[in-house]
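Okay, so here's the structure we're looking at.
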Amino acid sequence: MILSRREGDPDLEECLAATSAQLPQLRTNWDAISAAIQAYANASISSIRLASKRVIHVETVSGLSFAVKFGNRSAPLAREVSTLRFLKGAKCPVPAVIPTNVTHGEPEWIATEWGGNRTLDAFLDQCTESQADLAGLQLATAVAQIEGAFAQVTRQGVPGAARQMAIKLLEPWADHAADGLAWLFASEATGQLRMAVDRVVKKALNAALTAGPLDYHASNVVVSNSDLRLSVVDLGAIGYDWPGRRLAQYAMSVQSGVPGGRFRTALTPEAVTQFGGALAQIHTGDLGSHVNELDAHALLIGAIAATQLRAVSTGAASAERTAAWGASETRITSLRTVILRTLSGEGPANDVRELLSQQ
Ligand SMILES: Nc1ncnc2c1ncn2[C@@H]1O[C@H](COP(=O)(O)OP(=O)(O)OP(=O)(O)O)[C@@H](O)[C@H]1O
Ligand SMILES: [Mg+2]
């Protein structure tokens, strides 16, 4: 017997009409969506609301929650479903996919279990220091589990073209890293700073690539409502990248679109050491070099953010970037704090931090 709607629940037709006005694909697919969710939850649906441009949050009368994500031509869903199933099978912290009767081809929508109301990006803005540190450790565990699941792909060999492409994308930013950092810390890009940043860039670019998610940022991690459990979402794009860059970027909150928002990081020395140890076990190499590579990528991500922030403050950034960040004092000071956080006791990133903190 299905658990049915109760008196006092919001009017579902009204919810549906309001949400469909923003996301027309919802209306045309609603019968199939509600059938799949009600069968899975064994309860009827009590509310629907928009969670993002193409994701809705559906709740049942029994208190279960689901995400329904709609596809579009540039973001097909079939691959995301198979990745989610594969990672779930490997016990990674990703949402479970709800079965539907679409058996082949490109689905118009997918439903997954809801992982929580806040993204890690939003959570990091509000939480305490110790909660942020705990989130960093959990994230290191989650990303390492995903890394382990994809290890069989990595072991087949990383194509040279993938490596060239990753380097080509990062290099133009790396070239401006010293200037971006000097601007952020209101200092000169001295020869000493340039040389130290060059060593960071080399360390980062020379690290080995691995197979894994490509859409790695703190809005693609959600935090459970009741306890601090993380789930990684948005796994449609899989490819080769640096694992240290993945973790560092997943861990950095950039508070896009939040006026007066700040940067914050969940990375701690403990999280970095734990992740480095996991990489050493999953792949080859020693803990120390994995840590130094991760630290180099973390510093580079901070330097790229500095370069972008400088562009916002001089009016040279795109309208989209300017709207997403703004150029407040909070942005500048919080990014300095993120960059100066020590993650390991030695290595080229640490040398840059020491130079910057002497300014
Ligand atoms: N299973 C889930 N549990 C909780 N929240 C989710 C879940 N799936 C998606 N979301 C929320 O919806 C947002 C968008 O989902 P997702 O990242 O998968 O798609 P996207 O392509 O990035 O969408 P957008 O077009 O909004 O950028 C996430 O940032 C998260 O807030
Ligand atoms: Mg996303």
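Identifiers in the structure tokens: chain A, B, ... in order shown; residue index from 1 per chain; ligand index from 1 in order shown.
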
Segment 98-101 of chain A surroundings by only C-alpha atoms, 10 Å radius, close-in-sequence under 2 positions cut, as a PyMOL selection string: chain A and resi 32-33+35-37+39-41+66-68+81+95-96+103-104+107+109-113

Mind listing the alpha helix (DSSP H) residues of segment 75-124 of chain A, per DSSP on the backbone, as a ChimeraX atom specification? /A:78-89,120-124

Using only C-alpha atoms, determine which residues lie at most 10 Å from Val258 of chain A, disregarding the query and same-chain residues fewer than 4 positions distant; provide the list as a count of residues only. 7

Could you list the protein, DNA and RNA residues that have any atom within 12 Å of ligand 2, counting only C-alpha atoms and all ligand atoms, and write them as a PyMOL selection string? chain A and resi 51-55+69+75+80+119-121+213-222+232-237+250

What's the 12 Å shell around Asn292 of chain A, counting only C-alpha atoms, without same-chain residues fewer than 6 positions away, as JSON, numbers by chain? {"A": [199, 200, 201, 202, 203, 204, 205, 206, 207, 244, 245, 269, 272, 273, 275, 276, 277, 285, 286, 298, 299, 342, 343, 344, 345, 346, 347, 348, 349, 350, 351]}

12 Å contact set for Ala303 of chain A, only C-alpha atoms, chain neighbours under 5 positions out, as a PyMOL selection string: chain A and resi 170+173-185+197+200-201+296-298+308-310+332+335-336+338-340+349+352-353+356

Mind checking which residues fall within 6 Å of Gly116 of chain A, counting only C-alpha atoms, ignoring those fewer than 3 positions away in the same chain, and posting them as an mmCIF file with C-alpha atoms, in the first residue's frame?
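What follows is the written file selection_26.cif:
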```
data_model
loop_
_atom_site.group_PDB
_atom_site.id
_atom_site.type_symbol
_atom_site.label_atom_id
_atom_site.label_comp_id
_atom_site.auth_asym_id
_atom_site.auth_seq_id
_atom_site.Cartn_x
_atom_site.Cartn_y
_atom_site.Cartn_z
ATOM 1 C CA VAL A 222 26.287 18.312 -1.373
ATOM 2 C CA VAL A 223 26.156 18.102 2.422
ATOM 3 C CA SER A 224 23.480 16.020 4.165
ATOM 4 C CA ASN A 225 20.967 17.869 6.317
#
```

Could you write out, as a ChimeraX atom specification, all the residues of segment 132-321 of chain A that DSSP marks as strand (DSSP E)? /A:210-213,221-223,230-232,238-241,252-253,264-265

Under the rule that only C-alpha atoms and all ligand atoms are counted, which of A:Ser226, A:Ser47, A:Thr19, A:Asn72 is the nearest residue to ligand 1? A:Asn72
